[in-house]
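Novice: Provided herewith is a single structure, encoded as C-alpha cells, for subsequent inquiry.
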Number of protein chains: 2
Amino acid sequence: MNNKTCSLQTLRRLPYYLYYLRNADQEHVSAATIAREFKLNEVQVRKDLATVSKTGGSPRKGFNKVELIRDLEDFLGYKNMNDAVIVGVGHLGKALINFKGFEDYGINIVLGFDKKVKKEESIGKTKILPMVKMENLVERMQIKLGILTVNKESAQPVCDRMIRAGIKAIWNFTPHMLKVPQTVLVQNENMATSLAVLSQHLKRDIQKETPAAE
Amino acid sequence: MNNKTCSLQTLRRLPYYLYYLRNADQEHVSAATIAREFKLNEVQVRKDLATVSKTGGSPRKGFNKVELIRDLEDFLGYKNMNDAVIVGVGHLGKALINFKGFEDYGINIVLGFDKKVKKEESIGKTKILPMVKMENLVERMQIKLGILTVNKESAQPVCDRMIRAGIKAIWNFTPHMLKVPQTVLVQNENMATSLAVLSQHLKRDIQKETPAAE
DNA sequence: TAGATTGTTAATCGATTAACAATC
DNA sequence: TAGATTGTTAATCGATTAACAATC
C-alpha cells in the first residue's frame, strides 16, 4: 500500500505523467523523456516518480511503463472508483455528465440533481432527479464526492445541504468561495484564475515587442 | 498605466479579490477583511494589493472599494475586452458559450467553429461557423485569444491552425499537452489536476480517523 | 491622541535545481 | 566495460510569513 504523501505541486503534475504514459507505446520510459515532454526539470520528474513508484526505475532503462501507470493510478486513488453526484444540471453540468473520460480518473457520476427537474430524467446512464431527493440518496449511497455546478446564488445553501448529507469533497465550479468545515475539501475550478493568466499575457504581449536590454 | 508585474501566484489570487469586492457593499475594504474571507495571510493580501493599487490604501480605513476594483480590472486587463474564438462546439464548447459572466472577465466570445457545422448557426449572439472559415476570420478580425474545446485527437492540428492564423493565447480544455512556439501562451484547464487533489483527499480521509501522535 | 491599518525590510519556509554517488 | 539513468544530499531560489516603522 502506498501511503507516502507528496507536495500539492507534485500531486498536480502526476496526472500529466499518467496521461502521457497511457498514450505512450514504449515499454520503458525515463524521467528525462517525460521531463522533455512537459518542459519540466529532469530532477523534478525523477523525484516525483520516486515518490509514487514502488519498484523504482532501473538504470539505463528507466521505468517500466505498465508498472508506473499502475503505481500512479494507485497513488492517485484512481483504482477504487469514487462515486460522485453532480448538483446543478445546466449547460455546464450537462457537459460534465457527457464528458467521456472521468472513468479514466476514477470518477463515476452516478446521479445528478437539479431544482428544475420535477420527475426522473436521464442523460446517458446518469439519472437526473429533483433536488428534494438529494440528501436521502447521497446518505444512503454513502457518496463522498459532490460536483457543484449551480449558479452562484445557490452555491452556499446547496453546499451546506451536501455536507449535511455526508459529502466530504466538493468540486466547485461556481465562483463563490464556499464556507465549509475543516473536514471538507473544496477544490475550486475557477475560470477567472485561468483567464487572469491569459489576459495578462495578451496585455503584456504588446510591450514585449521590444525586449529589455541585458 | 500600471505596468508592474507580479508573481504567477499573486496573479491567480487577484481574481478572487476582484470577485469579492464586486459583491461587497462596504465603501472601504481592508486587507485583513479579504484575508479572512479567503483564509489567506494578511501580509500576503497586503502585498498583493500593494502591487495593483495605484492610490494605495489609507491607514485606519483600508482601500476604497471602487478604486481598488478599477485598479484590479486594469491590472488584469479586463478593461479592454479581449475578443475570443472557441473551436470545438460540443457539450463543453456550448456550455462555455452559454456561460454568462465571461464579460466580467473581459472576455468576449465572438465566434465559434466546429467541423460538424456545415452552414452558419447561432448560439445566443455567438455565430457558429464551419472550420474552413476559421483561419480567414481570425486573421481578419485580429483575434488573439482562442478557446480549444475539441477532442484530444484534433487538439494539436487545430492548435497549429489557430497559431498560423495569429492566435497568441490558447485556453486549452483538452488533456493534450500542446506544442506551441515560445511566443504563444497555453493555459491548461486540466480537469485531471483537480480530480487528483480531490481523490487524494478522499483516499487519505479514511486514514485520518486516527491522527498521528505528537 | 490611540490604534487600526498600510507598506516595507528581514527571516523563514518549501519547492526547485544542481551535484554526485550508485547501479545495471 | 562505459555510460545512461536512477536516487539522494546539498545549494539555490522564490514565495510566504514575521516584525516593525509610518500614517491618518
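Numbering starts fresh at 1 for the residues of each chain in the C-alpha cells, the chains themselves are lettered A, B, ... in the order given, and ligands are numbered from 1 as they appear.
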Write down, as a short mmCIF file (atom, residue, chain, number, x, y, z; two decimals) with all heavy atoms, in the first residue's frame, each residue of chain B that has any atom within 8 Å of an atom of chain D, counting only C-alpha atoms (C1' of nucleotides).
Specialist:
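Output contents, as saved in out_26.cif:
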data_model
loop_
_atom_site.label_atom_id
_atom_site.label_comp_id
_atom_site.auth_asym_id
_atom_site.auth_seq_id
_atom_site.Cartn_x
_atom_site.Cartn_y
_atom_site.Cartn_z
N ASN B 41 -3.02 34.69 4.36
CA ASN B 41 -2.23 35.50 5.27
C ASN B 41 -2.45 36.98 4.96
O ASN B 41 -2.51 37.39 3.81
CB ASN B 41 -0.76 35.13 5.11
CG ASN B 41 0.11 35.92 6.05
OD1 ASN B 41 0.35 37.10 5.85
ND2 ASN B 41 0.58 35.26 7.09
N VAL B 43 -0.59 39.65 5.44
CA VAL B 43 0.52 40.35 4.79
C VAL B 43 0.54 40.03 3.30
O VAL B 43 0.81 40.89 2.46
CB VAL B 43 1.86 39.95 5.41
CG1 VAL B 43 3.00 40.73 4.78
CG2 VAL B 43 1.83 40.17 6.90
N GLN B 44 0.23 38.79 3.00
CA GLN B 44 0.20 38.37 1.60
C GLN B 44 -0.81 39.20 0.80
O GLN B 44 -0.50 39.72 -0.26
CB GLN B 44 -0.17 36.89 1.53
CG GLN B 44 -0.04 36.29 0.17
CD GLN B 44 -0.20 34.78 0.24
OE1 GLN B 44 -1.23 34.27 0.66
NE2 GLN B 44 0.82 34.08 -0.17
N SER B 58 -5.61 53.62 2.78
CA SER B 58 -5.34 54.57 3.86
C SER B 58 -5.40 53.87 5.20
O SER B 58 -6.28 53.05 5.44
CB SER B 58 -6.33 55.73 3.84
OG SER B 58 -7.44 55.43 3.05
N PRO B 59 -4.44 54.21 6.07
CA PRO B 59 -4.44 53.67 7.42
C PRO B 59 -5.81 53.90 8.07
O PRO B 59 -6.46 54.89 7.79
CB PRO B 59 -3.37 54.50 8.13
CG PRO B 59 -2.46 54.91 7.03
CD PRO B 59 -3.30 55.09 5.84
N ARG B 60 -6.21 52.98 8.88
CA ARG B 60 -7.49 53.03 9.60
C ARG B 60 -8.69 52.67 8.73
O ARG B 60 -9.62 52.05 9.21
CB ARG B 60 -7.77 54.42 10.25
CG ARG B 60 -6.87 54.74 11.38
CD ARG B 60 -7.49 54.82 12.78
NE ARG B 60 -8.94 54.98 12.88
CZ ARG B 60 -9.65 54.26 13.75
NH1 ARG B 60 -9.05 53.38 14.52
NH2 ARG B 60 -10.94 54.44 13.85
#
Novice: Report as a Markdown table: every residue of chain B with an atom at most 6 Å from chain A, its closest pair of atoms, and their distance in Å to one decimal, counting only C-alpha atoms, with rows sorted by chain and ascending residue number.
Specialist:
| residue | atom | partner | partner_atom | distance |
| --- | --- | --- | --- | --- |
| B:Arg12 | CA | A:Thr193 | CA | 5.1 |
| B:Pro15 | CA | A:Ala192 | CA | 6.0 |
| B:Leu76 | CA | A:Gln200 | CA | 5.9 |
| B:Gly77 | CA | A:Ser199 | CA | 5.8 |
| B:His91 | CA | A:Ala95 | CA | 4.7 |
| B:Leu92 | CA | A:Ala95 | CA | 5.0 |
| B:Ala95 | CA | A:His91 | CA | 4.7 |
| B:Ala192 | CA | A:Pro15 | CA | 6.0 |
| B:Thr193 | CA | A:Arg12 | CA | 5.1 |
| B:Ala196 | CA | A:Leu76 | CA | 6.0 |
| B:Ser199 | CA | A:Gly77 | CA | 5.8 |
| B:Gln200 | CA | A:Leu76 | CA | 5.9 |
Novice: Work out how far apart CA of Asp83 (chain A) and CA of Ile143 (chain A) are and give it in Å to one decimal.
Specialist: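 Computing the Euclidean distance for CA of Asp83 (chain A) and CA of Ile143 (chain A) yields 6.0 Å.
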Novice: Could you pull out the residues in region 9-205 of chain A that DSSP calls helix (DSSP H, G or I) from the backbone, as a PyMOL selection string?
Specialist: chain A and resi 9-23+31-38+42-52+65-76+91-98+102-105+131-141+152-164+191-205
Novice: Which residues are near region 27-34 of chain A? Cut-off 6 Å, only C-alpha atoms (C1' of nucleotides), ignore same chain within fewer than 5 positions. Put them as a VMD selection string.
Specialist: chain A and resid 42 45 to 46 62 to 65
Novice: Go ahead and write the residues just picked, all heavy atoms, as a compact mmCIF listing (two decimals), in the first residue's frame.
Specialist:
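Result file result_32.txt:
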# COMPACT_ATOMS: atom_id res chain seq x y z
N GLU A 42 14.42 17.77 -15.11
CA GLU A 42 14.57 16.32 -15.08
C GLU A 42 14.58 15.77 -13.66
O GLU A 42 13.96 14.75 -13.36
CB GLU A 42 15.89 15.99 -15.77
CG GLU A 42 16.01 14.58 -16.26
CD GLU A 42 17.37 14.37 -16.91
OE1 GLU A 42 17.73 15.17 -17.81
OE2 GLU A 42 18.07 13.44 -16.49
N VAL A 45 11.08 15.63 -12.11
CA VAL A 45 10.31 14.46 -12.54
C VAL A 45 10.83 13.22 -11.84
O VAL A 45 10.06 12.39 -11.37
CB VAL A 45 10.41 14.29 -14.07
CG1 VAL A 45 9.68 13.02 -14.51
CG2 VAL A 45 9.83 15.50 -14.78
N ARG A 46 12.14 13.10 -11.72
CA ARG A 46 12.74 11.94 -11.08
C ARG A 46 12.24 11.82 -9.64
O ARG A 46 11.87 10.75 -9.17
CB ARG A 46 14.25 12.07 -11.09
CG ARG A 46 14.95 10.81 -11.49
CD ARG A 46 16.17 11.08 -12.33
NE ARG A 46 17.25 11.71 -11.59
CZ ARG A 46 18.14 12.51 -12.14
NH1 ARG A 46 18.09 12.78 -13.44
NH2 ARG A 46 19.10 13.04 -11.43
N GLY A 62 15.12 3.01 -17.36
CA GLY A 62 14.05 3.87 -16.88
C GLY A 62 12.98 3.07 -16.17
O GLY A 62 13.26 2.03 -15.60
N PHE A 63 11.75 3.55 -16.25
CA PHE A 63 10.65 2.90 -15.54
C PHE A 63 9.85 2.01 -16.47
O PHE A 63 9.61 2.37 -17.62
CB PHE A 63 9.72 3.95 -14.93
CG PHE A 63 10.34 4.74 -13.82
CD1 PHE A 63 11.22 5.79 -14.10
CD2 PHE A 63 10.09 4.44 -12.49
CE1 PHE A 63 11.80 6.53 -13.09
CE2 PHE A 63 10.67 5.17 -11.47
CZ PHE A 63 11.53 6.21 -11.77
N ASN A 64 9.44 0.89 -15.95
CA ASN A 64 8.53 0.03 -16.68
C ASN A 64 7.18 0.73 -16.79
O ASN A 64 6.58 1.09 -15.78
CB ASN A 64 8.37 -1.31 -15.96
CG ASN A 64 7.37 -2.21 -16.65
OD1 ASN A 64 6.16 -1.98 -16.56
ND2 ASN A 64 7.85 -3.20 -17.35
N LYS A 65 6.73 0.95 -18.03
CA LYS A 65 5.55 1.77 -18.25
C LYS A 65 4.32 1.24 -17.52
O LYS A 65 3.65 1.98 -16.78
CB LYS A 65 5.25 1.88 -19.75
CG LYS A 65 4.14 2.87 -20.06
CD LYS A 65 3.75 2.88 -21.52
CE LYS A 65 2.96 1.64 -21.87
NZ LYS A 65 2.46 1.65 -23.27
Novice: Quick one: residues within 8 Å of Val52 (chain B), only C-alpha atoms (C1' of nucleotides) counted, chain neighbours fewer than 5 positions away excluded, as a list in words?
Specialist: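 Near neighbours after the sequence-gap exclusion: Asn2, Lys4, Asp71, Leu72 and Phe75 of chain B.
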Novice: Output C-alpha atoms of each residue in that selection to a file, as a PDB file, in the first residue's frame.
Specialist:
ATOM      1  CA  ASN B   2       0.046  50.038 -14.450  1.00  0.00           C
ATOM      2  CA  LYS B   4       4.128  46.360 -12.725  1.00  0.00           C
ATOM      3  CA  ASP B  71      -7.169  49.058 -10.381  1.00  0.00           C
ATOM      4  CA  LEU B  72      -7.648  45.301 -10.326  1.00  0.00           C
ATOM      5  CA  PHE B  75      -4.090  45.324 -13.876  1.00  0.00           C
TER       6      PHE B  75
END
Novice: So that I can check the secondary structure, give me every residue of chain B assigned strand (DSSP E or B) by backbone DSSP, as number ranges by chain.
Specialist: B: 28-29, 58, 62-64, 82-87, 107-114, 121-123, 126-130, 145-148, 169-172, 185-188
Novice: Just give me the gap between CA of Pro130 (chain A) and CA of Val117 (chain A) in Å, one decimal is fine.
Specialist: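 Computing the Euclidean distance for CA of Pro130 (chain A) and CA of Val117 (chain A) yields 5.0 Å.
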